[in-house]
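Contents: one structure, followed by commentary.
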Amino acid sequence: MTIEYSDASKIFHLQTKHTSYVFHVLENGELGQIYYGTKIHAKDNYSNLTTRELKDATVAWKIDKPDFQPDILKFEYSALGSGDFRFPAFQLTFNNGSRISEFKYASYEIKSGKRRLDGLPATFGFADDGSQTLIITLRDETVGVDLQLSYSVFPDQDVIVRSSKFINHGTERVVIDHAFSSELDLPDSNYDLIEFPGAWARERHFTRSKLKPGYQGAGSLRTASSHQANPFMMLARPDTGENSGEVFGFNLVYSGNFLDQVEVDQFDGSRVLIGINPNEFSWNLTPGETFQTPEAVQTFSNQGINALSQQLADFYQQHLVNQRYAHSTRPILVNNWEATYFNFNENKLMEIVKTAKSVGIEMFVLDDGWFGERNDDTTSLGDWFVDKSKFPNGIGHFANQVHELGMKLGVWFEPEMISKQSQLYGEHPDWMIQTPGRHQTPGRNQFVLDMSRPEVVDYLVDSISKIIDETQLDYIKWDMNRYITEMYGQKLAANQQLEMGHRYILGVYDLYERLTKAHPEVLFESCASGGGRFDLGMMYYAPQAWTSDDTDAVERMKIQHGTSYGYSQSMMGAHVSAVPNDQTGRYTELNTRARVAYFGDFGYELDLTKMTDSELSEVRKQVEFYKKYREVFQFGKFYRLESPFNGNVTSWQVVSPDRDLAIVGRFQLLNIPNSPYLRIKFKGLDPDKQYRVNGSEEIFYGDELMNAGYFVPEILTNSKKQGLRTADFSSQLFIIKAV
Ligand code: DGJ
């Protein structure tokens with residue numbers, strides 16, 4: 001049984017293959033958390049785990065119930081104002097200005113499978129995958145509002161997905177001041193918080209710090225999940241490492257303002273709240289209406305952080321990503337952004353396309369600058385019709401030429417944006433988000449469309465669909481290059497203004513939903529100045545994302561390594577660009593640039609026509625190599641062997657499901673002359689299988705390669721002066737094949 005309920009003790013026990021999640025109905029009708037962690041037997045009674053201690057200077061629910069002290073108890077979805085003084089999971093305000101709610105357990109329902117949500121990206125289950133959903137209804141009789149807590153259990157990946165829903169059956173308007181998607185009250189605080197902060201061109205860097213009393217966590221008020229913070233976080237025991245120990249993982253299927261908060265309380269309990277950021281949010285729930293929070297994903301492993309990443313990667317592939325693309329390999333592309341920026345015409349692009357074709361590249365992506373009169377970033381956003389000075393015969397003509405060569409075609413859009421210098425602004429100046437009478441702050445010379453307005457979404461569906469139809473498009477890169485300022489909804493009432501952030505993102509989802517439904521053959525890649533919206537909300541619609549605008553191989557080691565904790569390789573766009581690198585000015589070898597990019601959705605972001613013959617022949621070999629091993633690079637089990645956050649070397653490994661093939665990439669930063677003797681220990685091999693490494697004559701058992709290790713020779717590169725020598729930023733690949 002995945003979900004068990006004991007009527008006698010009102011205990012719910014949710015089990016996955018390796019975890020248990022246990023909670024019960026408390027005396028006052030609220031739900032109380034009992035346990036989350038390694039699987040334990042289901043019982044009718046956990047009185048030891050629910051033992052209460054009387055604490056001084058603490059309020060109690062009733063005079064004759066002195067041990068029911070809300071500030072000490074562990075809840076499933078806590079409220080403020082009746083004795084629990086920690087940050088609450090939700091807060092409502094009623095018509096008379098009061099803010100006390102009393103949601104009491106009413107009923108439960110268990111359904112097989114997991115249904116998607118309406119209007120929000122969501123996880124899903126299938127009839128035969130063992131997933132089950134528990135929906136618990138709590139009721140506040142005084143105002144006639146129901147609160148439904150939903151728990152979907154995915155046994156194979158040890159994941160539980162949670163969300164909450166408020167339903168107003170009453171007669172008065174209720175304001176939801178905030179509503180998190182999930183809460184987890186852990187009994188102690190002996191954890192390290194692992195988060196992934198960053199900046200543009202430096203996304204998702206790994207940080208680990210001990211929990212401390214009070215509030216901590218990550219959040220965004222940038223109207224996007226953001227470069228600066230990511231909704232994925234972990235809590236790990238201090239001795240937990242990549243390969244052993246207990247760790248919890250949390251993520252949110254949402255792309256707007258979010259908050260992942262951990263509060264360590266006075267008794268060393270830890271309250272984890274995941275959801276829409278309470279700041280800049282509120283929602284008017286009028287009679288008859290419902291409000292559904294986004295979904296929060298929670299998971300646990302006692303096998304270390306790498307195992308947690310692997311179960312999440314598997315979970316996303318089976319239960320989040322568009323199934324049309326989840327299991328199909330992604331095309332190798334060349335994108336013209338860093339090759340030409342805005343300075344191109346059809347002839348120039350066709351040269352790149354033809355060169356790409358000659359080296360085996362499968363798709364050409366036409367980036368920014370093809371529409372309106374866009375020769376720099378000051379104009380034309382919103383004018384989604386082709387610039388005839390660059391494509392005199394129309395974009396359909398260009399698309400035909402690309403397709404006739406047997407290549408796929410992708411096109412860049414930035415749907416949510418508007419330039420003041422555009423036809424669209426001339427026709428609909430009011431479609432731009434602005435606060436009446438206030439300054440308008442530009443970002444990259446552009447402004448943002450009010451995506452909460454259906455007519456804006458309709459316009460975008462029509463204008464983008466026209467281009468898709470005209471070009472028989474295979475792929476869209478959906479960019480979003482600025483955060484919103486002066487947020488205000490011109491069509492919303494004064495008391496609805498704090499709904500705007502969420503309504504905006506619902507409009508974005510609506511556009512994605514309509515475009516992906518109408519054009520299922522188009523593969524979407526999301527992008528937000530690189531990795532500014534690298535989140536599960538986007539991944540639901542667009543199975544891959546441009547990981548970062550930083551294409552420097554060395555920076556990419558940290559960015560891709562950090563990203564890999566919470567997301568899979570097939571979600572990460574990774575391209576080879578020219579040197580010196582445009583973001584860092586750094587020179588790295590072409591083979592190192594490619595080897596770093598192999599561990600994602602591979603492509604090129606440079607002017608192929610400027611490469612020498614010998615470089616092009618190297619590119620041809622890289623493309624051939626990636627095609628041969630693409631399945632394992634994109635979908636294989638991912639192991640982090642050495643971390644760029646710990647030192648000079650990064651190494652990653654991917655392993656095929658049958659463990660017959662593994663590939664390791666090892667990258668060094670600075671060269672160490674006359675370097676020490678070194679063996680690398682591979683992971684995830686079958687201990688009893690026999691392997692060759694890089695076609696070696698010697699045959700190794702998997703147990704030898706994983707325990708004794710494999711000798712790592714110095715990386716030798718051509719040097720004019722000394723013949724072969726070691727070098728900065730050099731790299732190695734180990735191909736491990738079963739005999
Ligand atoms: C930002 C993206 O991240 C880049 O790859 C490129 O598409 C530019 N925008 C185009 O304006």
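Residues are named by chain letter and number: chains run A, B, ... in the order of the structure tokens, numbers start at 1 in each chain, and ligands are numbered from 1 in the order shown.
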
For this session: Do a neighbour search on stretch 130-147 of chain A at 9 Å with only C-alpha atoms, toss out local chain neighbours closer than 5 positions, and write the hits as number ranges by chain.
Result: A: 2-3, 14, 29-30, 94, 101-115, 124-125, 152-156, 161, 164-172, 174

Problem set entry | Surrounding residues of stretch 491-501 of chain A excluding itself and chain neighbours under 2 positions, 8 Å, only C-alpha atoms, as a count of residues only | 16

Counting only C-alpha atoms and all ligand atoms, which residues of chain A sit at most 7 Å from some atom of ligand 1, and what is each one's closest atom pair with its distance in Å to one decimal, listed by chain and rising residue number, as JSON lines?
```
{"residue": "A:Trp337", "atom": "CA", "partner": "ligand 1", "partner_atom_place_in_ligand_line": "6 (C)", "distance": 5.9}
{"residue": "A:Asp367", "atom": "CA", "partner": "ligand 1", "partner_atom_place_in_ligand_line": "7 (O)", "distance": 5.6}
{"residue": "A:Asp368", "atom": "CA", "partner": "ligand 1", "partner_atom_place_in_ligand_line": "10 (C)", "distance": 4.8}
{"residue": "A:Trp412", "atom": "CA", "partner": "ligand 1", "partner_atom_place_in_ligand_line": "7 (O)", "distance": 6.9}
{"residue": "A:Asp479", "atom": "CA", "partner": "ligand 1", "partner_atom_place_in_ligand_line": "2 (C)", "distance": 6.3}
{"residue": "A:Asn481", "atom": "CA", "partner": "ligand 1", "partner_atom_place_in_ligand_line": "1 (C)", "distance": 6.1}
{"residue": "A:Cys527", "atom": "CA", "partner": "ligand 1", "partner_atom_place_in_ligand_line": "3 (O)", "distance": 5.8}
{"residue": "A:Ala528", "atom": "CA", "partner": "ligand 1", "partner_atom_place_in_ligand_line": "3 (O)", "distance": 5.8}
{"residue": "A:Ser529", "atom": "CA", "partner": "ligand 1", "partner_atom_place_in_ligand_line": "3 (O)", "distance": 3.7}
{"residue": "A:Gly530", "atom": "CA", "partner": "ligand 1", "partner_atom_place_in_ligand_line": "3 (O)", "distance": 3.8}
{"residue": "A:Trp546", "atom": "CA", "partner": "ligand 1", "partner_atom_place_in_ligand_line": "3 (O)", "distance": 6.8}
{"residue": "A:Ser548", "atom": "CA", "partner": "ligand 1", "partner_atom_place_in_ligand_line": "3 (O)", "distance": 6.7}
{"residue": "A:Asp549", "atom": "CA", "partner": "ligand 1", "partner_atom_place_in_ligand_line": "3 (O)", "distance": 4.9}
```

Preceding selection exported with all heavy atoms as a short mmCIF file (atom, residue, chain, number, x, y, z; two decimals), in the first residue's frame:
```
data_model
loop_
_atom_site.label_atom_id
_atom_site.label_comp_id
_atom_site.auth_asym_id
_atom_site.auth_seq_id
_atom_site.Cartn_x
_atom_site.Cartn_y
_atom_site.Cartn_z
N TRP A 337 23.59 33.51 -32.29
CA TRP A 337 23.70 34.70 -31.43
C TRP A 337 25.14 35.17 -31.30
O TRP A 337 25.50 36.26 -31.73
CB TRP A 337 23.04 34.43 -30.08
CG TRP A 337 23.15 35.59 -29.12
CD1 TRP A 337 23.76 35.58 -27.91
CD2 TRP A 337 22.65 36.93 -29.31
NE1 TRP A 337 23.67 36.82 -27.32
CE2 TRP A 337 22.99 37.67 -28.16
CE3 TRP A 337 21.96 37.57 -30.34
CZ2 TRP A 337 22.67 39.02 -28.01
CZ3 TRP A 337 21.64 38.91 -30.19
CH2 TRP A 337 21.99 39.62 -29.03
N ASP A 367 18.53 33.27 -33.87
CA ASP A 367 18.34 33.97 -32.59
C ASP A 367 17.80 35.38 -32.84
O ASP A 367 17.30 35.70 -33.92
CB ASP A 367 19.67 33.95 -31.80
CG ASP A 367 19.46 33.97 -30.30
OD1 ASP A 367 19.17 35.06 -29.75
OD2 ASP A 367 19.54 32.91 -29.64
N ASP A 368 17.92 36.22 -31.86
CA ASP A 368 17.40 37.59 -31.85
C ASP A 368 17.79 38.36 -33.13
O ASP A 368 18.87 38.16 -33.67
CB ASP A 368 18.03 38.29 -30.63
CG ASP A 368 17.30 39.55 -30.26
OD1 ASP A 368 16.44 39.99 -31.02
OD2 ASP A 368 17.61 40.10 -29.18
N TRP A 412 14.05 32.20 -32.39
CA TRP A 412 14.02 32.89 -31.10
C TRP A 412 12.82 33.83 -31.00
O TRP A 412 12.51 34.56 -31.95
CB TRP A 412 15.32 33.68 -30.97
CG TRP A 412 15.53 34.52 -29.74
CD1 TRP A 412 16.26 34.16 -28.65
CD2 TRP A 412 15.10 35.87 -29.50
NE1 TRP A 412 16.28 35.19 -27.74
CE2 TRP A 412 15.57 36.26 -28.24
CE3 TRP A 412 14.33 36.79 -30.22
CZ2 TRP A 412 15.33 37.50 -27.68
CZ3 TRP A 412 14.08 38.03 -29.67
CH2 TRP A 412 14.58 38.39 -28.40
N ASP A 479 12.81 33.43 -24.92
CA ASP A 479 13.70 34.21 -24.05
C ASP A 479 12.88 35.14 -23.16
O ASP A 479 11.70 35.41 -23.40
CB ASP A 479 14.65 35.03 -24.95
CG ASP A 479 15.97 35.34 -24.28
OD1 ASP A 479 16.07 35.21 -23.05
OD2 ASP A 479 16.90 35.76 -25.00
N ASN A 481 14.21 38.63 -20.99
CA ASN A 481 15.47 39.27 -20.65
C ASN A 481 15.42 40.38 -19.61
O ASN A 481 16.37 41.14 -19.49
CB ASN A 481 16.13 39.83 -21.92
CG ASN A 481 16.80 38.72 -22.70
OD1 ASN A 481 17.65 38.01 -22.17
ND2 ASN A 481 16.43 38.55 -23.95
N CYS A 527 14.52 30.27 -21.72
CA CYS A 527 15.74 31.04 -21.54
C CYS A 527 15.32 32.33 -20.85
O CYS A 527 14.22 32.83 -21.07
CB CYS A 527 16.34 31.34 -22.92
SG CYS A 527 17.73 32.48 -22.90
N ALA A 528 16.17 32.85 -19.99
CA ALA A 528 15.87 34.16 -19.39
C ALA A 528 17.23 34.81 -19.15
O ALA A 528 17.81 34.63 -18.09
CB ALA A 528 15.10 34.00 -18.09
N SER A 529 17.74 35.51 -20.18
CA SER A 529 19.13 35.98 -20.13
C SER A 529 19.99 34.83 -19.64
O SER A 529 20.71 34.94 -18.65
CB SER A 529 19.29 37.17 -19.20
OG SER A 529 18.63 38.29 -19.71
N GLY A 530 19.89 33.69 -20.29
CA GLY A 530 20.54 32.48 -19.78
C GLY A 530 19.62 31.83 -18.78
O GLY A 530 18.45 31.60 -19.04
N TRP A 546 18.15 27.18 -21.60
CA TRP A 546 19.51 27.69 -21.84
C TRP A 546 20.10 27.95 -20.45
O TRP A 546 19.63 28.80 -19.72
CB TRP A 546 19.44 28.94 -22.72
CG TRP A 546 20.75 29.52 -23.12
CD1 TRP A 546 21.05 30.86 -23.14
CD2 TRP A 546 21.92 28.85 -23.58
NE1 TRP A 546 22.34 31.04 -23.59
CE2 TRP A 546 22.90 29.83 -23.86
CE3 TRP A 546 22.26 27.50 -23.77
CZ2 TRP A 546 24.18 29.50 -24.32
CZ3 TRP A 546 23.54 27.18 -24.23
CH2 TRP A 546 24.47 28.18 -24.50
N SER A 548 22.89 29.07 -19.16
CA SER A 548 23.52 30.34 -18.80
C SER A 548 23.99 31.05 -20.06
O SER A 548 24.36 30.39 -21.03
CB SER A 548 24.73 30.10 -17.90
OG SER A 548 25.39 31.32 -17.63
N ASP A 549 24.02 32.38 -20.03
CA ASP A 549 24.65 33.12 -21.13
C ASP A 549 26.15 32.96 -21.09
O ASP A 549 26.85 33.35 -22.03
CB ASP A 549 24.31 34.61 -21.02
CG ASP A 549 23.01 34.93 -21.72
OD1 ASP A 549 22.50 34.07 -22.45
OD2 ASP A 549 22.50 36.05 -21.51
#
```

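The spacing separating atom CA of A:Glu618 from atom CA of A:Val411 amounts to 26.8 Å.
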
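Between A:Leu405 and the candidates A:Ser358, A:Thr441, A:Asn335, A:Asn48, the tightest atom-to-atom separation, counting only C-alpha atoms, involves A:Ser358.
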